[in-house]
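Enquirer: Just dropping this structure here.
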Amino acid sequence: MFNTNPIGVFDSGLGGVNVLAALRRNLPNENYIFYGDTANNPYGNKPVERVRELTLNGVRYLLSKEAKAIVIACNTATSAVIEELRRTLLIPVFGIEPAIKPAVTSLKDGKVLLMATPLTIAEKKLQNLLEQLPNRESVVPLACHRLAEAIEAGNDEDIKKILNDLMSRVDIGKITSVVLGCTNYPLAIDKISEALDKEVRFYDGSAGLARHVHRVLTERNDLNLSQNNESAENVRFIFTSDSTAKEKRAREILSVFRKCEFHQA
Ligand code: DGL
């Protein structure tokens with residue numbers, strides 16, 4: 001039996017499209033429905049209860065379209081609500097998390113800069129993860145106020161200004177690796193590199209997450225094996241505002257990330 005129902009992918013906006021691209025690299029035959037809550041982002045500076053409400057709202061929509069699995073392609077929403085979703089839904093639920101473990105495990109010298117939204121940095125989920133590390137002091141958390149929204153808006157000047165300001169607070173000399181703990185950040189990797197002004201290793205969790213989704217759906221016999229289905233049509237985009245313009249950008253992002261896998265986690 002083939003399961004042709006879509007995989008539902010949720011994000012607060014466009015960042016999650018690079019997670020969708022990673023999913024398609026691993027699971028090209030699947031149908032996808034992507035929900036981007038552009039009317040309500042950024043999530044990263046909202047109270048956790050509000051992020052929970054908005055995420056549940058998006059997930060309800062994806063369920064109404066008969067999603068066979070849910071992928072929360074937003075680190076901020078994952079920190080706020082993933083445990084509740086796993087407890088309450090009968091289908092597999094996946095979330096993206098900052099790829100701290102692989103970054104710390106392969107660290108030879110120096111420190112890991114962890115870039116994420118203020119909410120992700122403040123949440124218990126991340127604090128627990130940090131506490132479990134043998135070398136917690138090797139991670140430098142950086143709450144990146146306003147960065148996700150500038151990337152979402154595609155405002156290059158703003159992105160550069162915000163990054164320069166953020167990096168001026170970090171002892172860059174010690175940084176050898178950078179964890180991109182927000183799905184918007186890979187969209188601005190060149191500017192992040194420029195602001196750091198040195199060679200670093202970048203880590204982002206989308207490739208690892210996509211492999212995990214592949215494994216779980218294979219085990220459950222839930223893959224769509226019916227045809228070679230990879231085409232623009234196997235993705236449906238739903239944005240809560242400005243949908244034509246957002247879909248255009250989303251399809252551009254999908255094609256940029258179609259092959260590339262710069263990340264190591
Ligand atoms: N894409 C979200 C994440 O991965 C953050 C963007 C926002 O603040 O809405 O954390």
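To be explicit about the labels: the chains of the structure tokens are called A, B, and onward in the order shown, and within each one the residues are counted from 1, while ligands get numbers from 1 in the order they are shown.
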Quick one: residues within 7 Å of ligand 1, with only C-alpha atoms and all ligand atoms, as a PDB file with C-alpha atoms, in the first residue's frame?
Expert:
```
ATOM      1  CA  ASP A  11       6.777  27.402   9.576  1.00  0.00           C
ATOM      2  CA  SER A  12       6.141  30.932  10.753  1.00  0.00           C
ATOM      3  CA  GLY A  13       7.079  32.103   7.250  1.00  0.00           C
ATOM      4  CA  GLY A  15      12.565  30.027   6.520  1.00  0.00           C
ATOM      5  CA  GLY A  16      11.083  26.540   6.626  1.00  0.00           C
ATOM      6  CA  ASN A  41       5.550  36.224  12.062  1.00  0.00           C
ATOM      7  CA  PRO A  42       8.032  36.819  13.573  1.00  0.00           C
ATOM      8  CA  TYR A  43       7.379  34.213  16.234  1.00  0.00           C
ATOM      9  CA  GLY A  44      10.786  34.580  17.863  1.00  0.00           C
ATOM     10  CA  ASN A  45       9.889  37.612  19.952  1.00  0.00           C
ATOM     11  CA  ALA A  73      10.145  23.476  10.187  1.00  0.00           C
ATOM     12  CA  CYS A  74      10.634  26.238  12.740  1.00  0.00           C
ATOM     13  CA  ASN A  75      12.978  25.996  15.726  1.00  0.00           C
ATOM     14  CA  THR A  76      10.929  28.532  17.659  1.00  0.00           C
ATOM     15  CA  ALA A  77       7.619  26.676  17.222  1.00  0.00           C
ATOM     16  CA  ALA A 116      18.693  31.437  17.322  1.00  0.00           C
ATOM     17  CA  THR A 117      15.631  33.555  18.028  1.00  0.00           C
ATOM     18  CA  THR A 120      14.399  29.523  21.224  1.00  0.00           C
ATOM     19  CA  ALA A 148      14.718  36.423  11.221  1.00  0.00           C
ATOM     20  CA  GLU A 149      12.301  39.203  10.322  1.00  0.00           C
ATOM     21  CA  GLY A 181      19.346  27.582  15.034  1.00  0.00           C
ATOM     22  CA  CYS A 182      16.585  29.274  13.055  1.00  0.00           C
ATOM     23  CA  THR A 183      15.371  28.121   9.674  1.00  0.00           C
ATOM     24  CA  ASN A 184      15.610  31.633   8.253  1.00  0.00           C
TER      25      ASN A 184
END
```
Enquirer: Run DSSP on the backbone and grab whatever in stretch 149-265 of chain A lands in strand (DSSP E or B); send it over as a VMD selection string.
Expert: chain A and resid 175 to 180 201 to 203 235 to 239
Enquirer: So that I can check the secondary structure, give me every residue of stretch 78-240 of chain A assigned helix (DSSP H, G or I) by backbone DSSP, as a ChimeraX atom specification.
Expert: /A:78-88,100-105,118-122,124-131,136-138,147-153,156-167,172-174,185-196,206-219,232-234
Enquirer: Using only C-alpha atoms, which protein or nucleic acid residues come within 9 Å of A:Arg211? Drop anything in the same chain fewer than 3 positions from it, and give the result as an mmCIF file with all heavy atoms, in the first residue's frame.
Expert:
```cif
data_model
loop_
_atom_site.group_PDB
_atom_site.id
_atom_site.type_symbol
_atom_site.label_atom_id
_atom_site.label_comp_id
_atom_site.auth_asym_id
_atom_site.auth_seq_id
_atom_site.Cartn_x
_atom_site.Cartn_y
_atom_site.Cartn_z
ATOM 1 N N ALA A 22 15.167 20.224 1.879
ATOM 2 C CA ALA A 22 15.914 19.055 2.376
ATOM 3 C C ALA A 22 15.013 17.820 2.360
ATOM 4 O O ALA A 22 15.453 16.724 2.002
ATOM 5 C CB ALA A 22 16.430 19.328 3.782
ATOM 6 N N LEU A 23 13.755 17.990 2.723
ATOM 7 C CA LEU A 23 12.812 16.860 2.687
ATOM 8 C C LEU A 23 12.685 16.338 1.256
ATOM 9 O O LEU A 23 12.709 15.138 1.009
ATOM 10 C CB LEU A 23 11.437 17.293 3.205
ATOM 11 C CG LEU A 23 11.343 17.552 4.711
ATOM 12 C CD1 LEU A 23 10.055 18.307 5.050
ATOM 13 C CD2 LEU A 23 11.391 16.230 5.490
ATOM 14 N N ASN A 26 15.505 14.197 0.095
ATOM 15 C CA ASN A 26 15.463 12.843 0.647
ATOM 16 C C ASN A 26 14.232 12.055 0.250
ATOM 17 O O ASN A 26 14.266 10.834 0.196
ATOM 18 C CB ASN A 26 15.498 12.911 2.181
ATOM 19 C CG ASN A 26 16.901 13.124 2.683
ATOM 20 O OD1 ASN A 26 17.598 12.174 2.992
ATOM 21 N ND2 ASN A 26 17.346 14.369 2.710
ATOM 22 N N LEU A 27 13.146 12.756 0.040
ATOM 23 C CA LEU A 27 11.860 12.096 -0.243
ATOM 24 C C LEU A 27 11.222 12.768 -1.457
ATOM 25 O O LEU A 27 10.195 13.445 -1.355
ATOM 26 C CB LEU A 27 10.943 12.250 0.984
ATOM 27 C CG LEU A 27 11.402 11.524 2.251
ATOM 28 C CD1 LEU A 27 11.061 12.309 3.490
ATOM 29 C CD2 LEU A 27 10.780 10.157 2.323
ATOM 30 N N SER A 206 18.520 20.677 9.112
ATOM 31 C CA SER A 206 17.484 20.223 8.183
ATOM 32 C C SER A 206 17.823 18.901 7.477
ATOM 33 O O SER A 206 16.930 18.070 7.275
ATOM 34 C CB SER A 206 17.118 21.311 7.178
ATOM 35 O OG SER A 206 18.258 21.745 6.527
ATOM 36 N N ALA A 207 19.090 18.697 7.140
ATOM 37 C CA ALA A 207 19.439 17.447 6.452
ATOM 38 C C ALA A 207 19.228 16.255 7.385
ATOM 39 O O ALA A 207 18.674 15.224 6.976
ATOM 40 C CB ALA A 207 20.886 17.499 5.952
ATOM 41 N N GLY A 208 19.653 16.406 8.648
ATOM 42 C CA GLY A 208 19.472 15.331 9.635
ATOM 43 C C GLY A 208 17.993 15.053 9.868
ATOM 44 O O GLY A 208 17.571 13.900 9.954
ATOM 45 N N HIS A 214 12.616 10.333 6.671
ATOM 46 C CA HIS A 214 12.680 9.230 5.704
ATOM 47 C C HIS A 214 12.676 7.885 6.436
ATOM 48 O O HIS A 214 11.913 6.977 6.080
ATOM 49 C CB HIS A 214 13.944 9.375 4.849
ATOM 50 C CG HIS A 214 13.958 8.485 3.647
ATOM 51 N ND1 HIS A 214 14.915 8.522 2.685
ATOM 52 C CD2 HIS A 214 13.109 7.514 3.270
ATOM 53 C CE1 HIS A 214 14.659 7.625 1.751
ATOM 54 N NE2 HIS A 214 13.564 6.997 2.088
ATOM 55 N N ARG A 215 13.514 7.783 7.462
ATOM 56 C CA ARG A 215 13.617 6.517 8.225
ATOM 57 C C ARG A 215 12.269 6.135 8.831
ATOM 58 O O ARG A 215 11.796 5.016 8.676
ATOM 59 C CB ARG A 215 14.627 6.712 9.370
ATOM 60 C CG ARG A 215 15.897 5.918 9.165
ATOM 61 C CD ARG A 215 16.865 5.970 10.324
ATOM 62 N NE ARG A 215 16.837 7.133 11.170
ATOM 63 C CZ ARG A 215 17.659 8.177 11.057
ATOM 64 N NH1 ARG A 215 18.570 8.212 10.091
ATOM 65 N NH2 ARG A 215 17.588 9.189 11.898
ATOM 66 N N VAL A 216 11.644 7.094 9.496
ATOM 67 C CA VAL A 216 10.389 6.787 10.210
ATOM 68 C C VAL A 216 9.274 6.408 9.226
ATOM 69 O O VAL A 216 8.563 5.428 9.432
ATOM 70 C CB VAL A 216 9.969 7.968 11.113
ATOM 71 C CG1 VAL A 216 8.597 7.740 11.718
ATOM 72 C CG2 VAL A 216 11.006 8.195 12.207
#
```
